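Quick notes on the structure that follows.
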Amino acid sequence: MFKNFKSVSKCAYGRGSFSKLGEIIAPHRGTGAGYMLFLVDDYFKGKPLMAQLPLEANDAVELVYCGGEEPKTSQIDEIRDRYLATKGLPAGVIGIGGGSAMDLAKALSLMFTNEGSSVQYQGLNLIKKAGIYHAGVPTISGTGAEVSMTAVLTGPTKKLGLKCDWTVFDQIILDPELTATVSRNDWFYTGMDCYIHCIESMTGKLKNTFSEAYGYKALDLCREVYLGGKSGQTIENDEKLMVASYFGGLSLTYSEVGVCHALSYGLSYVFGTRHGIANCIVFNQLADYYPQGVAEFKEMVRYHEIFIPENISKEWKPEEIEKMIDISWALTHMWNHAIGENWQERISRDTLKALFLKM
Ligand code: ZN
């Protein structure tokens with residue numbers, strides 16, 4: 001396998017590093033219409049973080065609702081069109097929030113300079129022009145969105161990323177203090193996204209020393225956080241999980257995700273289920289594919305007494321299950337990695353159906 005991937009250009013890490021955001025973005029204010037667009041998870045509405053934004057006179061703050069469904073192509077197009085019509089081209093986009101806020105910021109950066117709907121760019125290297133300056137500030141750890149070259153969006157017919165070199169952030173700020181107020185369930189579900197990234201990237205045809213080196217370290221950090229004491233959400237653990245998320249993202253960048261992500265994309269597409277919990281629902285049933293990983297996952301679930309939904313498939317309509325299979329089946333790059341290039345000889349749509357019905 002040959003890959004030649006783009007890394008995040010600049011990375012600031014450490015407690016309190018968010019306070020440097022103003023001076024970090026200052027040199028990038030001169031382009032376009034000269035204003036910065038802060039895309040902030042609306043979870044922070046009325047919270048102290050809003051007062052810490054380094055706003056200048058012409059800047060804009062767009063609160064985005066990230067508590068419900070996954071980011072949509074229509075949402076990106078609407079925000080882009082509204083700002084271009086009212087304020088012109090921003091100098092940059094600063095995404096502050098979880099994986100959805102990160103993905104929205106990455107996608108917006110690209111769509112400010114590429115004409116038409118974001119739907120036509122869902123896929124690999126379909127973007128025609130470089131986007132505008134974009135920075136990411138994660139406030140929950142695990143998704144790896146801060147480091148990935150994909151902005152995952154749900155469109156009218158598929159859940160697929162805008163994936164190219166230009167998607168990658170120009171700047172990220174990893175401040176573990178920002179993750180302190182994450183709810184216990186989200187802390188667990190999103191942290192497990194990181195754990196699952198590592199298990200999947202290190203189990204499959206594309207695994208290699210590069211992905212394993214980052215993956216092993218990220219898994220060690222996950223074990224320290226999720227099996228190293230009942231207290232869980234301490235600042236020391238927040239620091240570890242933030243680095244684990246970044247390393248987990250690098251592990252899968254030089255490999256690929258697998259069965260869990262392929263199935264969870266189907267679940268999220270049909271029901272809008274958030275990525276972290278969707279992965280937990282799916283991974284809980286994948287002992288045949290990842291026996292050790294699933295056993296350790298279940299141990300972490302028990303250790304922290306986290307609720308993972310089960311027996312939910314009995315509520316699903318046949319056409320919903322078919323749609324989930326369609327979405328999952330189309331993710332050939334994940335199946336190639338997880339099962340092998342002859343995956344269509346080894347698993348069938350019925351295999352996927354049986355897995356969905358276990359959930
Ligand atoms: Zn993931």
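FYI, nothing fancy with the structure tokens labels: chains A, B, ... in order, residues from 1 per chain, ligands from 1 as they appear.
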Long-range neighbours of Ser148 (chain A) as a PyMOL selection string, 8 Å cut-off, only C-alpha atoms, 4 positions minimum in chain: chain A and resi 144+168+249-250+253
May I have the residues within 8 Å of ligand 1, computed using only C-alpha atoms and all ligand atoms, as a list in words? Gly142, Thr143, Gly144, Asp193, Cys194, Ile196, His197, Val257, His261, His275, Gly276 and Asn279 of chain A
Near Tyr265 (chain A), counting only C-alpha atoms, which residues have an atom at most 9 Å away, once you skip same-chain residues fewer than 5 positions from it, shown as a PyMOL selection string? chain A and resi 159-160+260+270+275+278-279+324+327-328+331
Pick the closest to His134 (chain A) from A:Leu37, A:Gln120, A:Glu70, A:Asp186: which is it, counting only C-alpha atoms?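 Checking each candidate against His134 (chain A), we get A:Leu37 as the closest.
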Test item: residues at most 9 Å from Arg349 (chain A), only C-alpha atoms, excluding those fewer than 5 positions along its chain, as a list of chain:residue names: A:Glu322, A:Ile325, A:Asp326, A:Trp329, A:Ala354
Spatial neighbours of Leu227 (chain A), 10 Å, only C-alpha atoms, chain gap at least 6 places, as a CSV table (one decimal) with all heavy atoms, in the first residue's frame:
```
chain,number,residue,atom,x,y,z
A,221,LEU,N,-3.0,4.3,26.2
A,221,LEU,CA,-3.6,5.5,26.9
A,221,LEU,C,-5.1,5.2,27.1
A,221,LEU,O,-5.6,5.6,28.2
A,221,LEU,CB,-3.4,6.7,26.0
A,221,LEU,CG,-2.0,7.2,25.9
A,221,LEU,CD1,-1.8,8.3,24.7
A,221,LEU,CD2,-1.5,7.9,27.2
A,296,GLU,N,-12.4,-6.6,25.6
A,296,GLU,CA,-11.8,-5.5,26.4
A,296,GLU,C,-12.8,-4.4,26.5
A,296,GLU,O,-13.0,-3.7,27.5
A,296,GLU,CB,-10.5,-5.1,25.9
A,296,GLU,CG,-9.8,-4.1,26.8
A,296,GLU,CD,-8.4,-3.8,26.4
A,296,GLU,OE1,-8.1,-3.4,25.3
A,296,GLU,OE2,-7.5,-4.0,27.3
A,299,GLU,N,-15.4,-5.1,29.0
A,299,GLU,CA,-14.8,-5.0,30.3
A,299,GLU,C,-14.9,-3.5,30.7
A,299,GLU,O,-15.2,-3.1,31.8
A,299,GLU,CB,-13.4,-5.4,30.3
A,299,GLU,CG,-12.7,-5.6,31.6
A,299,GLU,CD,-11.2,-5.9,31.5
A,299,GLU,OE1,-10.8,-6.5,30.5
A,299,GLU,OE2,-10.5,-5.7,32.5
A,300,MET,N,-14.5,-2.6,29.8
A,300,MET,CA,-14.6,-1.1,30.0
A,300,MET,C,-16.0,-0.7,30.3
A,300,MET,O,-16.3,0.1,31.2
A,300,MET,CB,-14.0,-0.4,28.8
A,300,MET,CG,-12.5,-0.6,28.6
A,300,MET,SD,-12.0,0.2,27.1
A,300,MET,CE,-10.2,-0.2,27.1
A,301,VAL,N,-17.0,-1.2,29.5
A,301,VAL,CA,-18.4,-0.9,29.7
A,301,VAL,C,-18.8,-1.3,31.1
A,301,VAL,O,-19.5,-0.5,31.8
A,301,VAL,CB,-19.3,-1.6,28.7
A,301,VAL,CG1,-20.8,-1.5,29.0
A,301,VAL,CG2,-19.0,-1.1,27.3
A,303,TYR,N,-16.9,-1.9,33.8
A,303,TYR,CA,-16.1,-1.1,34.7
A,303,TYR,C,-16.7,0.2,35.1
A,303,TYR,O,-16.7,0.7,36.2
A,303,TYR,CB,-14.7,-1.0,34.2
A,303,TYR,CG,-13.6,-0.5,35.1
A,303,TYR,CD1,-13.1,-1.3,36.1
A,303,TYR,CD2,-13.1,0.8,35.0
A,303,TYR,CE1,-12.1,-0.9,37.0
A,303,TYR,CE2,-12.1,1.2,35.9
A,303,TYR,CZ,-11.6,0.4,36.9
A,303,TYR,OH,-10.6,0.8,37.7
A,304,HIS,N,-17.2,0.9,34.0
A,304,HIS,CA,-17.8,2.2,34.2
A,304,HIS,C,-19.3,2.2,34.2
A,304,HIS,O,-19.9,3.3,34.3
A,304,HIS,CB,-17.2,3.2,33.2
A,304,HIS,CG,-15.8,3.6,33.4
A,304,HIS,ND1,-15.4,4.4,34.4
A,304,HIS,CD2,-14.7,3.2,32.8
A,304,HIS,CE1,-14.1,4.5,34.4
A,304,HIS,NE2,-13.6,3.8,33.4
```
Using backbone DSSP assignments, extract all helix (DSSP H, G or I) residues from region 119-322 of chain A; output them as a PyMOL selection string. chain A and resi 119-121+165-167+176-179+184-201+209-227+235-253+259-271+275-283+291-304+313-315+318-322
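Residues within 12 Å of Asn4 (chain A), counting only C-alpha atoms and excluding same-chain residues fewer than 3 positions away, are Met1, Ser7, Met149, Cys164, Asp165, Thr253, Tyr254 and Ser255 of chain A.
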Okay, now the selection with N, CA and C atoms, as a PDB file, in the first residue's frame?
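Below is the file that was written, selection_16.pdb:
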```
ATOM      1  N   MET A   1       0.830  -1.193   0.000  1.00  0.00           N
ATOM      2  CA  MET A   1       0.000   0.000   0.000  1.00  0.00           C
ATOM      3  C   MET A   1       0.870   1.250   0.000  1.00  0.00           C
ATOM      4  N   SER A   7      -0.381  16.088   6.748  1.00  0.00           N
ATOM      5  CA  SER A   7      -0.587  16.223   8.193  1.00  0.00           C
ATOM      6  C   SER A   7      -1.119  17.608   8.516  1.00  0.00           C
ATOM      7  N   MET A 149      -8.127  13.545   7.340  1.00  0.00           N
ATOM      8  CA  MET A 149      -8.246  14.272   6.083  1.00  0.00           C
ATOM      9  C   MET A 149      -9.652  14.116   5.481  1.00  0.00           C
ATOM     10  N   CYS A 164      -9.642  15.019   0.948  1.00  0.00           N
ATOM     11  CA  CYS A 164      -8.525  15.440   0.104  1.00  0.00           C
ATOM     12  C   CYS A 164      -7.482  16.114   0.998  1.00  0.00           C
ATOM     13  N   ASP A 165      -6.332  16.449   0.443  1.00  0.00           N
ATOM     14  CA  ASP A 165      -5.282  17.094   1.244  1.00  0.00           C
ATOM     15  C   ASP A 165      -5.754  18.412   1.856  1.00  0.00           C
ATOM     16  N   THR A 253      -5.176   6.843   9.659  1.00  0.00           N
ATOM     17  CA  THR A 253      -4.806   7.568   8.443  1.00  0.00           C
ATOM     18  C   THR A 253      -3.911   6.715   7.556  1.00  0.00           C
ATOM     19  N   TYR A 254      -3.005   5.965   8.179  1.00  0.00           N
ATOM     20  CA  TYR A 254      -2.138   5.105   7.362  1.00  0.00           C
ATOM     21  C   TYR A 254      -2.617   3.658   7.312  1.00  0.00           C
ATOM     22  N   SER A 255      -3.899   3.474   7.650  1.00  0.00           N
ATOM     23  CA  SER A 255      -4.497   2.158   7.487  1.00  0.00           C
ATOM     24  C   SER A 255      -5.947   2.418   7.065  1.00  0.00           C
TER      25      SER A 255
END
```
Compile the contact shell of Leu355 (chain A) as a PyMOL selection string: residues with an atom at most 10 Å away, counting only C-alpha atoms, same-chain residues fewer than 3 positions apart removed. chain A and resi 263+282+285-286+349-352+358-359
If you run DSSP on the backbone, which residues of region 105-273 of chain A are strand (DSSP E or B), as a CSV table (one decimal) with all heavy atoms, in the first residue's frame?
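Contents of the output file selection14.csv:
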```
chain,number,residue,atom,x,y,z
A,123,GLY,N,-16.6,12.2,-1.5
A,123,GLY,CA,-15.7,11.2,-2.1
A,123,GLY,C,-14.3,11.6,-2.0
A,123,GLY,O,-13.9,12.5,-1.3
A,124,LEU,N,-13.4,10.8,-2.6
A,124,LEU,CA,-12.0,11.1,-2.5
A,124,LEU,C,-11.5,12.0,-3.7
A,124,LEU,O,-11.7,11.7,-4.8
A,124,LEU,CB,-11.2,9.7,-2.6
A,124,LEU,CG,-9.7,9.8,-2.6
A,124,LEU,CD1,-9.2,10.3,-1.3
A,124,LEU,CD2,-9.1,8.4,-2.8
A,133,TYR,N,-8.3,29.2,5.1
A,133,TYR,CA,-7.6,28.9,6.4
A,133,TYR,C,-8.7,28.3,7.4
A,133,TYR,O,-9.8,28.8,7.5
A,133,TYR,CB,-7.0,30.1,7.0
A,133,TYR,CG,-6.4,29.9,8.4
A,133,TYR,CD1,-5.1,29.4,8.5
A,133,TYR,CD2,-7.0,30.3,9.5
A,133,TYR,CE1,-4.5,29.2,9.7
A,133,TYR,CE2,-6.5,30.1,10.8
A,133,TYR,CZ,-5.2,29.5,10.9
A,133,TYR,OH,-4.6,29.3,12.1
A,134,HIS,N,-8.3,27.2,8.0
A,134,HIS,CA,-9.2,26.6,9.0
A,134,HIS,C,-8.5,26.0,10.2
A,134,HIS,O,-7.4,25.3,10.0
A,134,HIS,CB,-10.2,25.6,8.4
A,134,HIS,CG,-9.6,24.5,7.5
A,134,HIS,ND1,-8.7,24.8,6.5
A,134,HIS,CD2,-9.7,23.2,7.6
A,134,HIS,CE1,-8.3,23.6,6.0
A,134,HIS,NE2,-8.9,22.6,6.6
A,135,ALA,N,-9.0,26.3,11.3
A,135,ALA,CA,-8.4,25.8,12.6
A,135,ALA,C,-9.5,25.0,13.3
A,135,ALA,O,-10.6,25.3,13.3
A,135,ALA,CB,-7.9,26.9,13.4
A,136,GLY,N,-9.0,24.0,14.1
A,136,GLY,CA,-9.9,23.1,14.8
A,136,GLY,C,-9.5,23.1,16.3
A,136,GLY,O,-8.4,23.0,16.6
A,137,VAL,N,-10.6,23.2,17.2
A,137,VAL,CA,-10.3,23.1,18.6
A,137,VAL,C,-11.3,22.1,19.2
A,137,VAL,O,-12.5,22.4,19.4
A,137,VAL,CB,-10.6,24.5,19.3
A,137,VAL,CG1,-10.3,24.4,20.8
A,137,VAL,CG2,-9.8,25.6,18.6
A,138,PRO,N,-10.9,20.8,19.4
A,138,PRO,CA,-11.8,19.8,19.9
A,138,PRO,C,-12.1,20.1,21.4
A,138,PRO,O,-11.3,20.5,22.1
A,138,PRO,CB,-11.0,18.5,19.7
A,138,PRO,CG,-9.6,18.9,19.6
A,138,PRO,CD,-9.5,20.3,19.1
A,150,THR,N,-10.6,13.8,6.4
A,150,THR,CA,-12.0,13.6,5.9
A,150,THR,C,-12.9,14.6,6.7
A,150,THR,O,-12.8,14.7,7.9
A,150,THR,CB,-12.4,12.2,6.1
A,150,THR,OG1,-11.5,11.3,5.5
A,150,THR,CG2,-13.8,11.9,5.6
A,151,ALA,N,-13.9,15.2,6.0
A,151,ALA,CA,-15.0,15.9,6.7
A,151,ALA,C,-16.2,15.1,6.4
A,151,ALA,O,-16.8,15.1,5.3
A,151,ALA,CB,-15.1,17.3,6.2
A,152,VAL,N,-16.6,14.2,7.4
A,152,VAL,CA,-17.7,13.3,7.1
A,152,VAL,C,-19.1,14.0,7.1
A,152,VAL,O,-19.4,14.8,8.0
A,152,VAL,CB,-17.8,12.2,8.2
A,152,VAL,CG1,-18.9,11.2,7.8
A,152,VAL,CG2,-16.4,11.5,8.3
A,153,LEU,N,-19.8,13.8,6.0
A,153,LEU,CA,-21.1,14.5,5.8
A,153,LEU,C,-22.2,13.5,5.4
A,153,LEU,O,-21.9,12.5,4.6
A,153,LEU,CB,-21.1,15.6,4.8
A,153,LEU,CG,-20.1,16.8,5.0
A,153,LEU,CD1,-20.2,17.7,3.9
A,153,LEU,CD2,-20.5,17.5,6.3
A,154,THR,N,-23.4,13.7,5.9
A,154,THR,CA,-24.5,12.9,5.4
A,154,THR,C,-25.2,13.7,4.3
A,154,THR,O,-25.6,14.8,4.5
A,154,THR,CB,-25.5,12.6,6.6
A,154,THR,OG1,-24.8,11.8,7.6
A,154,THR,CG2,-26.6,11.7,6.1
A,159,LYS,N,-23.6,8.6,3.3
A,159,LYS,CA,-22.8,9.3,4.4
A,159,LYS,C,-21.3,9.0,3.9
A,159,LYS,O,-20.8,7.9,3.9
A,159,LYS,CB,-23.1,8.6,5.7
A,159,LYS,CG,-22.2,9.2,6.8
A,159,LYS,CD,-22.4,8.6,8.2
A,159,LYS,CE,-21.3,9.2,9.1
A,159,LYS,NZ,-21.4,8.8,10.5
A,160,LEU,N,-20.7,10.1,3.5
A,160,LEU,CA,-19.3,10.0,3.0
A,160,LEU,C,-18.6,11.3,3.2
A,160,LEU,O,-19.2,12.4,3.1
A,160,LEU,CB,-19.4,9.6,1.5
A,160,LEU,CG,-18.1,9.0,0.9
A,160,LEU,CD1,-17.7,7.7,1.6
A,160,LEU,CD2,-18.3,8.7,-0.6
A,161,GLY,N,-17.3,11.2,3.3
A,161,GLY,CA,-16.5,12.4,3.6
A,161,GLY,C,-16.1,13.2,2.3
A,161,GLY,O,-16.1,12.7,1.2
A,162,LEU,N,-15.8,14.5,2.6
A,162,LEU,CA,-15.1,15.3,1.6
A,162,LEU,C,-13.6,15.0,1.9
A,162,LEU,O,-13.2,15.4,3.0
A,162,LEU,CB,-15.4,16.8,1.7
A,162,LEU,CG,-16.8,17.3,1.8
A,162,LEU,CD1,-16.8,18.8,1.8
A,162,LEU,CD2,-17.7,16.7,0.7
A,163,LYS,N,-13.0,14.2,1.1
A,163,LYS,CA,-11.6,13.7,1.5
A,163,LYS,C,-10.6,14.2,0.5
A,163,LYS,O,-10.6,13.8,-0.7
A,163,LYS,CB,-11.7,12.2,1.6
A,163,LYS,CG,-10.4,11.6,2.1
A,163,LYS,CD,-10.6,10.1,2.4
A,163,LYS,CE,-9.3,9.5,3.1
A,163,LYS,NZ,-9.5,8.1,3.4
A,171,GLN,N,-4.4,24.3,11.4
A,171,GLN,CA,-4.0,24.5,12.9
A,171,GLN,C,-5.0,23.8,13.7
A,171,GLN,O,-6.2,23.8,13.5
A,171,GLN,CB,-4.1,26.0,13.2
A,171,GLN,CG,-3.9,26.4,14.6
A,171,GLN,CD,-2.4,26.4,15.1
A,171,GLN,OE1,-1.6,27.0,14.5
A,171,GLN,NE2,-2.1,25.6,16.1
A,172,ILE,N,-4.4,23.1,14.8
A,172,ILE,CA,-5.3,22.6,15.8
A,172,ILE,C,-4.8,23.0,17.2
A,172,ILE,O,-3.6,23.2,17.3
A,172,ILE,CB,-5.5,21.0,15.8
A,172,ILE,CG1,-4.1,20.3,15.8
A,172,ILE,CG2,-6.2,20.6,14.5
A,172,ILE,CD1,-4.3,18.8,16.0
A,173,ILE,N,-5.7,23.2,18.1
A,173,ILE,CA,-5.3,23.5,19.5
A,173,ILE,C,-5.9,22.4,20.4
A,173,ILE,O,-7.2,22.3,20.4
A,173,ILE,CB,-5.9,24.9,19.9
A,173,ILE,CG1,-5.2,26.0,19.0
A,173,ILE,CG2,-5.6,25.2,21.3
A,173,ILE,CD1,-5.6,27.4,19.3
A,174,LEU,N,-5.1,21.7,21.0
A,174,LEU,CA,-5.5,20.6,21.9
A,174,LEU,C,-5.4,21.0,23.3
A,174,LEU,O,-4.3,20.9,23.9
A,174,LEU,CB,-4.7,19.3,21.6
A,174,LEU,CG,-4.6,18.8,20.1
A,174,LEU,CD1,-3.7,17.6,20.0
A,174,LEU,CD2,-6.0,18.5,19.6
```
Using only C-alpha atoms, what does the table of region 22-46 of chain A residues within 12 Å of region 108-115 of chain A look like, with each row giving the shortest atom pair and its distance in Å to one decimal, sorted by chain and ascending number, as JSON lines?
```
{"residue": "A:Gly32", "atom": "CA", "partner": "A:Phe112", "partner_atom": "CA", "distance": 10.5}
{"residue": "A:Met36", "atom": "CA", "partner": "A:Ser109", "partner_atom": "CA", "distance": 11.4}
{"residue": "A:Leu37", "atom": "CA", "partner": "A:Ser109", "partner_atom": "CA", "distance": 10.0}
{"residue": "A:Phe38", "atom": "CA", "partner": "A:Leu108", "partner_atom": "CA", "distance": 11.3}
{"residue": "A:Leu39", "atom": "CA", "partner": "A:Leu108", "partner_atom": "CA", "distance": 9.6}
```
Selected residues written out, N, CA, C and O atoms, as a tab-separated table (two decimals), in the first residue's frame:
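Ended up saving to part.tsv:
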```tsv
chain	number	residue	atom	x	y	z
A	32	GLY	N	-9.55	37.48	2.08
A	32	GLY	CA	-11.00	37.54	1.89
A	32	GLY	C	-11.57	38.86	2.36
A	32	GLY	O	-10.96	39.92	2.18
A	36	MET	N	-13.09	36.54	10.70
A	36	MET	CA	-13.02	35.13	11.05
A	36	MET	C	-14.42	34.62	11.39
A	36	MET	O	-15.18	35.31	12.08
A	37	LEU	N	-14.72	33.43	10.92
A	37	LEU	CA	-16.00	32.79	11.23
A	37	LEU	C	-15.75	31.72	12.29
A	37	LEU	O	-15.07	30.73	12.02
A	38	PHE	N	-16.28	31.94	13.49
A	38	PHE	CA	-16.15	30.95	14.57
A	38	PHE	C	-17.38	30.05	14.54
A	38	PHE	O	-18.50	30.51	14.74
A	39	LEU	N	-17.14	28.79	14.30
A	39	LEU	CA	-18.22	27.80	14.25
A	39	LEU	C	-18.18	27.06	15.58
A	39	LEU	O	-17.27	26.27	15.83
```
A:Val147, A:Ala33, A:Pro309, A:Phe297: which is nearest Ile281 (chain A), counting only C-alpha atoms?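 Among the listed residues, A:Pro309 lies closest to Ile281 (chain A).
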